[in-house]
file final_26.cif (mmCIF, C-alpha atoms)
data_work
loop_
_atom_site.label_atom_id
_atom_site.label_comp_id
_atom_site.auth_asym_id
_atom_site.auth_seq_id
_atom_site.Cartn_x
_atom_site.Cartn_y
_atom_site.Cartn_z
CA MET T 3 42.80 213.79 170.22
CA ALA T 4 45.91 212.67 172.01
CA SER T 5 44.58 210.41 174.68
CA GLY T 6 48.01 209.77 176.08
CA ALA T 7 48.33 213.37 177.17
CA GLY T 8 46.22 212.71 180.19
CA GLU T 9 42.52 212.81 180.70
CA TRP T 10 40.67 215.96 179.79
CA SER T 11 38.43 217.47 182.35
CA THR T 12 34.90 218.30 181.30
CA ALA T 13 35.67 221.98 181.56
CA GLN T 14 38.64 221.61 179.28
CA MET T 15 36.56 219.63 176.87
CA ASP T 16 33.95 222.37 176.85
CA ASP T 17 36.62 224.96 176.25
CA TYR T 18 37.94 222.97 173.40
CA GLU T 19 34.50 222.63 171.87
CA THR T 20 33.74 226.30 172.12
CA LEU T 21 37.07 227.03 170.53
CA ILE T 22 36.42 224.65 167.66
CA SER T 23 32.90 225.92 167.16
CA THR T 24 34.13 229.46 166.62
CA THR T 25 36.77 228.76 163.99
CA ASP T 26 35.99 230.18 160.60
CA VAL T 27 35.58 226.79 159.01
CA GLU T 28 32.96 225.91 161.57
CA LEU T 29 31.24 229.27 161.14
CA LEU T 30 31.23 228.91 157.39
CA LYS T 31 29.84 225.42 157.70
CA ARG T 32 27.07 226.70 159.91
CA ALA T 33 26.29 229.60 157.55
CA TRP T 34 26.21 227.18 154.65
CA ARG T 35 23.89 224.75 156.41
CA ASN T 36 21.59 227.55 157.52
CA GLU T 37 21.47 228.94 154.03
CA LYS T 38 20.76 225.55 152.55
CA ALA T 39 17.96 224.74 154.96
CA ALA T 40 16.25 228.12 155.23
CA PRO T 41 13.48 228.79 152.73
CA GLU T 42 14.38 232.47 152.38
CA ILE T 43 17.65 234.25 151.76
CA LEU T 44 19.64 235.04 154.91
CA PRO T 45 21.92 238.01 155.56
CA PHE T 46 25.19 237.74 153.70
CA GLU T 47 28.13 236.79 155.93
CA GLU T 48 30.41 239.40 154.45
CA ALA T 49 33.25 239.39 156.97
CA LEU T 50 33.27 235.63 157.16
CA VAL T 51 33.41 235.18 153.40
CA LYS T 52 36.23 237.68 153.18
CA ARG T 53 38.23 235.85 155.81
CA ALA T 54 37.53 232.50 154.19
CA LYS T 55 38.79 233.78 150.85
CA GLU T 56 41.97 235.07 152.42
CA GLN T 57 42.59 231.82 154.21
CA ILE T 58 42.00 229.82 151.08
CA GLN T 59 44.52 231.93 149.26
CA LEU T 60 47.01 231.43 152.02
CA MET T 61 46.46 227.73 151.89
CA GLU T 62 46.91 227.66 148.12
CA GLU T 63 50.29 229.30 148.58
CA THR T 64 51.26 226.76 151.20
CA VAL T 65 50.29 223.88 148.95
CA ASP T 66 52.27 225.38 146.07
CA GLU T 67 55.27 225.81 148.29
CA PHE T 68 55.05 222.22 149.41
CA ALA T 69 54.85 221.03 145.85
CA GLU T 70 57.90 223.05 144.86
CA SER T 71 60.06 222.15 147.81
CA GLY T 72 59.40 218.47 147.23
CA HIS T 73 58.05 218.07 150.73
CA ASP T 74 56.44 214.86 151.80
CA PRO T 75 53.73 214.28 149.17
CA LEU T 76 51.36 212.83 151.75
CA ILE T 77 51.36 216.02 153.78
CA ALA T 78 50.89 218.04 150.61
CA SER T 79 47.93 215.97 149.57
CA LEU T 80 46.35 216.31 153.00
CA TYR T 81 46.65 220.06 152.69
CA GLN T 82 45.20 219.84 149.21
CA MET T 83 42.25 217.87 150.49
CA ASP T 84 41.60 220.41 153.21
CA LEU T 85 41.84 223.17 150.64
CA ASP T 86 39.40 221.44 148.31
CA ARG T 87 36.87 221.09 151.05
CA ALA T 88 37.14 224.68 152.14
CA GLN T 89 36.71 225.80 148.57
CA PHE T 90 33.71 223.62 148.07
CA LEU T 91 32.11 225.05 151.18
CA LEU T 92 32.62 228.61 150.08
CA ARG T 93 31.45 228.02 146.53
CA SER T 94 28.45 226.06 147.59
CA TYR T 95 27.48 228.78 150.04
CA LEU T 96 27.59 231.44 147.35
CA ARG T 97 25.87 229.16 144.89
CA VAL T 98 22.91 228.41 147.13
CA ARG T 99 22.42 232.14 147.61
CA LEU T 100 22.51 232.86 143.91
CA GLN T 101 19.96 230.19 143.28
CA LYS T 102 17.67 231.71 145.86
CA ILE T 103 18.08 235.08 144.23
CA GLU T 104 17.16 233.58 140.88
CA LYS T 105 14.08 232.03 142.37
CA PHE T 106 12.75 234.89 144.47
CA MET T 107 14.21 237.93 142.75
CA PHE T 108 10.96 239.85 142.48
CA TYR T 109 10.10 239.12 146.07
CA ILE T 110 13.52 240.19 147.32
CA TRP T 111 13.42 243.37 145.32
CA LYS T 112 10.12 244.39 146.82
CA SER T 113 11.49 245.00 150.29
CA ASP T 114 14.58 246.88 151.33
CA ALA T 115 15.06 244.62 154.31
CA TYR T 116 15.63 241.71 151.97
CA ARG T 117 17.80 243.66 149.60
CA HIS T 118 20.11 244.62 152.42
CA ARG T 119 20.81 240.98 153.00
CA LEU T 120 22.65 240.76 149.70
CA SER T 121 26.26 241.50 148.98
CA THR T 122 27.07 244.17 146.41
CA GLU T 123 27.86 241.56 143.80
CA GLU T 124 24.68 239.67 144.53
CA GLU T 125 22.67 242.82 144.22
CA LYS T 126 24.13 243.48 140.79
CA PHE T 127 23.46 239.92 139.79
CA GLY T 128 19.86 240.20 140.98
CA GLU T 129 19.33 243.38 139.04
CA ARG T 130 20.54 241.72 135.89
CA CYS T 131 18.35 238.70 136.56
CA ILE T 132 15.27 240.84 136.89
CA ARG T 133 16.12 242.79 133.79
CA ASP T 134 16.70 239.64 131.76
CA ILE T 135 13.65 237.69 132.82
CA GLY T 136 11.53 240.82 132.62
CA LYS T 137 12.61 241.34 129.06
CA HIS T 138 12.02 237.71 128.22
CA LEU T 139 8.49 237.61 129.69
CA GLU T 140 7.65 240.96 128.18
CA GLU T 141 8.65 239.82 124.73
CA THR T 142 7.03 236.43 124.92
CA VAL T 143 3.81 237.03 126.82
CA LEU T 144 3.02 240.44 128.21
CA SER T 145 3.36 242.58 125.10
CA LYS T 146 0.80 240.35 123.39
CA LEU T 147 -1.87 240.74 126.06
CA PRO T 148 -4.51 243.48 126.29
CA ASP T 149 -3.36 246.77 127.87
CA ASN T 150 -4.78 246.30 131.34
CA TYR T 151 -3.18 242.92 131.76
CA GLN T 152 0.41 243.71 130.88
CA SER T 153 1.89 244.12 134.33
CA LEU T 154 4.67 241.75 135.26
CA LEU T 155 3.83 241.73 138.95
CA LYS T 156 0.07 242.08 138.94
CA GLN T 157 -2.55 239.90 137.35
CA SER T 158 -4.43 242.89 136.00
CA ILE T 159 -4.69 246.60 136.52
CA ILE T 160 -7.34 246.18 139.20
CA SER T 161 -5.19 244.03 141.49
CA GLU T 162 -4.23 246.08 144.49
CA GLU T 163 -1.22 244.05 145.45
CA ASP T 164 1.48 242.34 143.48
CA ASP T 165 -0.14 238.98 143.11
CA MET T 166 2.15 237.41 140.54
CA VAL T 167 5.30 237.24 142.65
CA PRO T 168 6.65 233.85 143.73
CA GLU T 169 7.28 233.93 147.47
CA PRO T 170 9.39 231.69 149.64
CA GLN T 171 7.38 229.21 151.67
CA LEU T 172 8.14 230.49 155.17
CA ASP T 173 5.76 228.14 156.90
CA THR T 174 7.77 225.13 155.95
CA PHE T 175 9.33 222.96 158.63
CA VAL T 176 13.02 222.95 159.40
CA VAL T 177 15.24 220.94 161.68
CA ALA T 178 16.88 223.25 164.17
CA LYS T 179 19.75 222.62 166.50
CA CYS T 180 20.18 224.72 169.59
CA GLN T 181 23.47 226.60 169.92
CA ARG T 182 22.76 228.74 172.96
CA ALA T 183 20.09 228.21 175.55
CA THR T 184 16.96 230.04 174.50
CA ARG T 185 14.29 231.80 176.48
CA PRO T 186 10.98 229.97 176.63
CA LEU T 187 9.56 229.66 173.14
CA PHE T 188 6.06 229.11 171.93
CA LEU T 189 5.35 226.89 169.00
CA ASP T 190 3.46 229.64 167.24
CA GLY T 191 6.25 232.14 167.89
CA SER T 192 4.35 234.42 170.27
CA ARG T 193 6.51 235.82 173.03
CA GLN T 194 3.98 237.43 175.31
CA SER T 195 4.53 236.34 178.88
CA ALA T 196 1.06 237.36 179.96
CA GLY T 197 -0.98 234.25 180.37
CA PHE T 198 2.26 232.34 180.54
CA ASP T 199 0.98 230.02 183.18
CA ASN T 200 -2.09 228.83 181.44
CA ARG T 201 -0.32 227.93 178.27
CA ASP T 202 1.47 224.68 178.28
CA ASP T 203 2.91 224.68 174.77
CA HIS T 204 6.07 226.60 175.60
CA PHE T 205 9.42 224.90 175.70
CA GLN T 206 13.04 225.76 176.18
CA MET T 207 15.98 224.51 174.18
CA VAL T 208 19.38 223.78 175.61
CA PRO T 209 22.53 223.51 173.49
CA GLY T 210 22.58 220.37 171.43
CA ASP T 211 18.80 219.96 171.35
CA LEU T 212 17.28 219.06 168.02
CA CYS T 213 13.76 220.22 167.18
CA ILE T 214 11.60 220.22 164.13
CA LEU T 215 10.03 223.65 163.96
CA ARG T 216 7.98 225.79 161.67
CA TYR T 217 10.39 228.26 160.12
CA ARG T 218 8.47 231.52 160.33
CA PRO T 219 8.08 231.91 164.12
CA PHE T 220 11.74 231.14 164.72
CA GLN T 221 13.42 233.42 162.21
CA GLU T 222 14.70 235.68 164.93
CA GLU T 223 16.20 232.87 166.94
CA LEU T 224 18.10 231.87 163.83
CA MET T 225 19.30 235.38 163.06
CA SER T 226 20.52 235.86 166.60
CA GLY T 227 22.44 232.61 166.39
CA ASN T 228 20.56 230.89 169.20
CA ILE T 229 19.62 228.09 166.87
CA SER T 230 21.10 226.83 163.64
CA LEU T 231 19.53 224.71 160.94
CA VAL T 232 20.66 221.31 159.85
CA MET J 10 -14.25 226.07 126.88
CA HIS J 11 -12.74 228.86 128.92
CA GLY J 12 -9.15 228.27 129.81
CA ARG J 13 -8.95 224.81 128.27
CA LYS J 14 -6.14 225.64 125.85
CA ALA J 15 -4.06 227.36 128.49
CA TYR J 16 -4.50 224.37 130.73
CA GLU J 17 -3.26 222.10 127.97
CA LEU J 18 -0.19 224.26 127.61
CA VAL J 19 0.70 224.03 131.29
CA LYS J 20 -0.08 220.35 131.36
CA GLU J 21 2.23 219.75 128.45
CA PHE J 22 5.03 221.35 130.40
CA ALA J 23 4.20 219.48 133.58
CA SER J 24 4.08 216.11 131.85
CA GLY J 25 7.60 216.54 130.48
CA GLU J 26 10.54 214.90 132.14
CA LYS J 27 11.87 216.96 135.02
CA GLY J 28 14.66 219.28 133.95
CA HIS J 29 14.11 218.56 130.27
CA LEU J 30 12.67 220.93 127.73
CA LYS J 31 10.26 220.18 124.96
CA ILE J 32 10.02 222.26 121.84
CA PHE J 33 8.37 225.60 122.57
CA ASN J 34 4.75 225.04 121.59
CA ASN J 35 4.27 228.15 119.53
CA GLU J 36 1.02 227.10 117.93
CA LEU J 37 -0.82 226.44 121.17
CA PHE J 38 0.81 229.45 122.75
CA GLU J 39 -0.43 231.82 120.04
CA ARG J 40 -3.87 230.23 120.26
CA VAL J 41 -4.06 231.08 123.98
CA ILE J 42 -2.95 234.63 123.28
CA GLU J 43 -5.71 234.88 120.69
CA GLU J 44 -8.18 233.59 123.24
CA CYS J 45 -7.07 236.31 125.63
CA ASN J 46 -7.84 238.94 123.06
CA GLU J 47 -11.22 237.39 122.35
CA HIS J 48 -12.02 237.52 126.06
CA HIS J 49 -10.91 241.11 126.13
CA ASN J 50 -13.15 242.05 123.23
CA ALA J 51 -16.13 240.29 124.80
CA LEU J 52 -15.39 242.01 128.09
CA GLN J 53 -15.19 245.41 126.46
CA SER J 54 -18.42 245.01 124.53
CA LEU J 55 -20.27 243.87 127.66
CA ILE J 56 -19.01 246.88 129.55
CA ARG J 57 -20.02 249.18 126.70
CA LYS J 58 -23.45 247.59 126.64
CA MET J 59 -23.88 248.18 130.36
CA GLN J 60 -22.78 251.76 130.02
CA GLU J 61 -25.27 252.32 127.22
CA GLU J 62 -28.01 250.96 129.42
CA GLY J 63 -26.94 253.54 132.00
CA LEU J 64 -25.82 250.97 134.57
CA GLU J 65 -22.92 251.38 136.95
CA VAL J 66 -20.38 248.80 135.78
CA LEU J 67 -18.92 247.99 139.17
CA THR J 68 -22.06 247.86 141.27
CA ALA J 69 -24.86 246.70 139.01
CA ARG J 70 -25.49 243.01 139.60
CA THR J 71 -26.90 242.16 136.20
CA ALA J 72 -26.25 239.15 134.00
CA ASP J 73 -23.90 241.27 131.92
CA HIS J 74 -21.88 242.16 134.98
CA TYR J 75 -21.24 238.52 135.78
CA GLY J 76 -20.60 237.74 132.14
CA ALA J 77 -17.93 240.40 132.07
CA LEU J 78 -16.48 239.09 135.30
CA ILE J 79 -16.14 235.62 133.86
CA HIS J 80 -14.33 236.95 130.83
CA HIS J 81 -12.04 238.92 133.10
CA LEU J 82 -11.27 235.90 135.26
CA SER J 83 -10.71 233.68 132.24
CA LEU J 84 -8.29 236.23 130.90
CA ILE J 85 -6.38 236.30 134.16
CA ARG J 86 -6.28 232.55 134.28
CA ASN J 87 -4.92 232.41 130.76
CA LYS J 88 -2.32 234.98 131.63
CA ARG J 89 -1.21 232.99 134.65
CA CYS J 90 -0.95 229.85 132.57
CA LEU J 91 1.09 231.57 129.87
CA MET J 92 3.38 233.13 132.45
CA ALA J 93 3.76 229.83 134.27
CA TYR J 94 4.68 228.11 131.03
CA VAL J 95 7.35 230.64 130.13
CA TYR J 96 8.59 231.13 133.68
CA ASN J 97 9.03 227.46 134.41
CA ARG J 98 10.82 226.95 131.14
CA ALA J 99 13.04 229.85 132.10
CA ASP J 100 13.85 227.94 135.29
CA ILE J 101 15.22 225.07 133.27
CA ILE J 102 17.08 227.45 131.01
CA ARG J 103 18.77 229.03 134.02
CA ASP J 104 19.75 225.59 135.17
CA LEU J 105 21.33 224.93 131.79
CA ALA J 106 23.14 228.25 132.00
CA TRP J 107 24.69 227.07 135.26
CA LYS J 108 25.73 223.72 133.94
CA VAL J 109 26.92 224.41 130.42
CA GLY J 110 26.37 228.05 129.51
CA LEU J 111 29.56 229.21 131.11
CA LEU J 112 31.82 226.80 129.36
CA HIS J 113 30.67 226.33 125.83
CA GLU J 114 27.80 226.49 123.37
CA LEU J 115 24.68 224.50 123.97
CA PRO J 116 24.30 221.37 121.89
CA ARG J 117 22.08 221.84 118.88
CA GLU J 118 19.40 219.41 120.12
CA ILE J 119 18.68 221.68 123.05
CA GLN J 120 18.92 224.93 121.18
CA GLU J 121 16.29 223.78 118.74
CA LYS J 122 13.79 223.60 121.57
CA PHE J 123 14.17 227.24 122.51
CA SER J 124 12.06 230.07 121.22
CA ASP J 125 14.06 233.08 119.96
CA SER J 126 13.46 234.99 123.13
CA GLU J 127 14.51 232.01 125.22
CA GLU J 128 17.76 231.74 123.32
CA GLN J 129 18.47 235.35 124.13
CA TYR J 130 17.51 234.79 127.75
CA PHE J 131 19.93 231.89 128.00
CA LYS J 132 22.75 234.07 126.71
CA ASP J 133 21.83 236.98 128.94
CA HIS J 134 21.66 234.85 132.04
CA SER J 135 24.97 233.15 131.33
CA LYS J 136 26.49 236.60 131.01
CA SER J 137 25.03 237.69 134.32
CA LEU J 138 26.53 234.68 136.02
CA LYS J 139 29.88 235.27 134.39
CA SER J 140 29.94 238.88 135.44
CA TYR J 141 29.13 237.89 139.03
CA MET J 142 32.01 235.45 139.06
CA SER J 143 34.48 237.86 137.55
CA GLN J 144 33.57 240.49 140.14
CA LEU J 145 34.23 237.97 142.84
CA SER J 146 37.15 236.40 140.95
CA LEU J 147 35.88 233.04 142.04
CA ASN J 148 34.26 230.36 139.92
CA VAL J 149 31.10 229.15 141.56
CA ASN J 150 30.15 226.69 138.85
CA VAL J 151 32.87 224.17 139.65
CA ASP J 152 32.91 221.82 142.63
CA MET J 153 29.25 221.02 142.27
CA VAL J 154 29.61 217.94 144.45
CA PRO J 155 31.58 217.79 147.66
CA PRO J 156 35.12 216.57 146.96
CA LYS J 157 36.01 213.30 148.62
CA ASP J 158 39.52 212.64 147.52
CA PRO J 159 42.21 214.76 145.94
CA TYR J 160 42.80 211.95 143.46
CA ILE J 161 40.22 210.55 141.09
CA LYS J 162 40.06 207.88 138.45
CA VAL J 163 39.33 209.08 134.95
CA ARG J 164 38.86 207.60 131.53
CA VAL J 165 40.09 209.52 128.51
CA LEU J 166 37.33 210.01 125.97
CA GLU J 167 39.30 211.58 123.17
CA ASP J 168 42.83 211.01 122.08
CA LEU J 169 44.94 213.58 123.87
CA GLY J 170 48.32 212.04 123.10
CA SER J 171 51.28 212.22 125.41
CA GLY J 172 51.91 215.93 125.00
CA ILE J 173 50.14 216.88 128.18
CA ILE J 174 52.25 217.20 131.24
CA LEU J 175 50.32 217.34 134.45
CA SER J 176 51.75 218.84 137.56
CA ASP J 177 53.35 215.70 138.85
CA LYS J 178 53.75 213.40 135.87
CA SER J 179 53.15 212.92 132.22
CA ALA J 180 51.48 209.97 130.61
CA ASN J 181 50.15 208.85 127.30
CA PHE J 182 46.53 209.89 127.33
CA ALA J 183 45.30 207.65 124.57
CA ARG J 184 41.59 207.28 124.01
CA HIS J 185 39.88 204.94 126.49
CA SER J 186 42.93 204.71 128.67
CA MET J 187 42.36 205.07 132.39
CA HIS J 188 44.37 207.14 134.80
CA PHE J 189 44.57 208.07 138.40
CA LEU J 190 44.99 211.83 138.51
CA LYS J 191 44.84 214.79 140.79
CA ARG J 192 41.30 216.10 140.78
CA THR J 193 42.45 219.65 140.16
CA ASP J 194 44.41 218.53 137.11
CA ALA J 195 41.64 216.42 135.66
CA GLU J 196 38.81 218.88 136.26
CA GLN J 197 39.48 221.09 133.27
CA TYR J 198 39.50 218.09 130.94
CA ILE J 199 36.32 216.72 132.43
CA ALA J 200 34.57 220.06 131.99
CA ARG J 201 35.55 220.10 128.33
CA GLY J 202 34.23 216.61 127.85
CA LEU J 203 37.62 215.09 127.10
CA MET J 204 37.67 212.85 130.14
CA GLU J 205 35.09 211.33 132.39
CA GLU J 206 35.30 210.52 136.03
CA LEU J 207 34.93 206.91 136.97
CA THR J 208 32.98 206.32 140.09
CA SER J 209 33.06 202.96 141.66
#
call {"tool": "encode", "arguments": {"input": "final_26.cif", "output": "structure tokens"}}
result
Amino acid sequence: MASGAGEWSTAQMDDYETLISTTDVELLKRAWRNEKAAPEILPFEEALVKRAKEQIQLMEETVDEFAESGHDPLIASLYQMDLDRAQFLLRSYLRVRLQKIEKFMFYIWKSDAYRHRLSTEEEKFGERCIRDIGKHLEETVLSKLPDNYQSLLKQSIISEEDDMVPEPQLDTFVVAKCQRATRPLFLDGSRQSAGFDNRDDHFQMVPGDLCILRYRPFQEELMSGNISLV
Amino acid sequence: MHGRKAYELVKEFASGEKGHLKIFNNELFERVIEECNEHHNALQSLIRKMQEEGLEVLTARTADHYGALIHHLSLIRNKRCLMAYVYNRADIIRDLAWKVGLLHELPREIQEKFSDSEEQYFKDHSKSLKSYMSQLSLNVNVDMVPPKDPYIKVRVLEDLGSGIILSDKSANFARHSMHFLKRTDAEQYIARGLMEELTS
């Protein structure tokens, strides 16, 4: 930033950082990183995606205008570069989600909580995915097996649960960065304060802290925005 | 040997190069299916035998009970192997749908490796992707790598002549000639295989 404009106080610097960290580009970046790093599908950032699309459109118009008016080509190309990056971010975000849907479609469709994380378009896409792969597996394998073994989701008729559904590996480790100070956390995710004193494995994160954590116990911290993944 | 054939099938898939398909092994596949039916017949006859002897199928701990159990488990194992074979191939097919299915036909060398049902699946999945993108009116299959520069260096792979006018200039795009173009202009030609990006 302009260093000639006088020194910035720490408070001003903080203000500036909070401001930057809440712009849509920054939010989209965070959503994209979270989505990329999380093993399961996260709630769809509907409002954010809508805003991002509008802004991209606006930017496209600006770039076109610049090109027509014969403005400084350097400025135009800087705008173009910015536009390209924003578009990549948005596309990649949507792409990662689609790929997760492809991978865990049966798992997602089993619980409403997961299904509600999808956008309308994603839900339609998922339905088609399930229909297509179901048809494919049915034709190739299942219809040729004995009656009691034809289920797509169960190994055989005597299985009580769906035991043929690929599930995301929630116990995997992720690198988390703290956004807002958290309450004391336990490594195994328990939050009971009883017996607090005699347990020494709790810790607290302050903004900027980086930790490698098991994903499952910290889902809620991620959803509430206290931490983000990198 | 119980489950040996199914294991071979899965192993064949696993030994292949990552992301590449081999020809669908119909012969081995059908053999495993046959084995499943044999297991099923054996299982059924054991259960019938137990019933004739007046034994409770689920609780009697006789040799026949365990025999039936082994047939049941072998059948399940075979089923899992068959499903894994088809499902993991489907994974690769989906990947192909992302990369090429939306733009043009698959090259013949790849199509030959599909089974009939897989060919249909490839088409169906490409359609699903297309319909998602048209609902969103946004192409998600471009920009696969983060863009670094608005301008890129390309080499022309097929003679395009000088008829093409790009947004800011026109040039003679003879075969093998190299140009420095706007990425957005060049992208459509790269996707159609008419140009390639040169990375230094």
call {"tool": "resolve_selection", "arguments": {"input": "final_26.cif", "expression": "the PyMOL selection byres ((chain T and resi 136-152) around 7)", "output": "list in words"}}
result
Ile132, Arg133, Asp134, Ile135, Ser153, Leu154, Gln157, Ser158 and Ile159 of chain T; Ile42, Cys45, Asn46, His49, Leu91, Met92, Ser126, Glu127 and Tyr130 of chain J
call {"tool": "resolve_selection", "arguments": {"input": "final_26.cif", "expression": "the PyMOL selection byres ((chain T) within 6 of (chain J))", "output": "list in words"}}
result
Met83, Phe90, Arg93 and His138 of chain T
call {"tool": "write_last_selection", "arguments": {"input": "final_26.cif", "atoms": "C-alpha atoms", "output": "PDB file, in the frame of the given file"}}
result
ATOM      1  CA  MET T  83      42.250 217.870 150.490  1.00  0.00           C
ATOM      2  CA  PHE T  90      33.710 223.620 148.070  1.00  0.00           C
ATOM      3  CA  ARG T  93      31.450 228.020 146.530  1.00  0.00           C
ATOM      4  CA  HIS T 138      12.020 237.710 128.220  1.00  0.00           C
TER       5      HIS T 138
END
call {"tool": "atom_distance", "arguments": {"input": "final_26.cif", "atom1": "atom CA of Phe68 of chain T", "atom2": "atom CA of Thr25 of chain T"}}
result
24.3 Å
call {"tool": "atom_distance", "arguments": {"input": "final_26.cif", "atom1": "atom CA of Arg35 of chain T", "atom2": "atom CA of Leu231 of chain T"}}
result
6.3 Å
call {"tool": "residues_near_point", "arguments": {"input": "final_26.cif", "point": "(28.4, 237.1, 146.8)", "cutoff": "10 Å", "atoms": "all atoms listed in the file", "output": "list of chain:residue names"}}
result
T:Phe46, T:Glu47, T:Glu48, T:Val51, T:Arg93, T:Tyr95, T:Leu96, T:Arg97, T:Arg99, T:Leu100, T:Leu120, T:Ser121, T:Thr122, T:Glu123, T:Glu124, T:Glu125, T:Lys126, T:Phe127, J:Tyr141, J:Met142, J:Gln144, J:Leu145, J:Leu147, J:Val149
call {"tool": "atom_distance", "arguments": {"input": "final_26.cif", "atom1": "atom CA of Arg13 of chain J", "atom2": "atom CA of His29 of chain J"}}
result
24.0 Å
call {"tool": "resolve_selection", "arguments": {"input": "final_26.cif", "expression": "the PyMOL selection byres ((chain T and resi 111-116) around 12)", "output": "number ranges by chain"}}
result
T: 42-46, 102-110, 117-121, 124-133, 155, 163-164, 167-169
call {"tool": "closest_residue", "arguments": {"input": "final_26.cif", "among": "J:Lys20, J:Arg164, J:Lys58, J:Lys14", "to": "Val41 of chain J", "atoms": "all atoms listed in the file"}}
result
J:Lys14
call {"tool": "residues_around", "arguments": {"input": "final_26.cif", "residues": "His204 of chain T", "least_positions_apart": "6", "cutoff": "8 Å", "atoms": "all atoms listed in the file", "output": "JSON, numbers by chain"}}
result
{"T": [186, 187, 188, 189]}
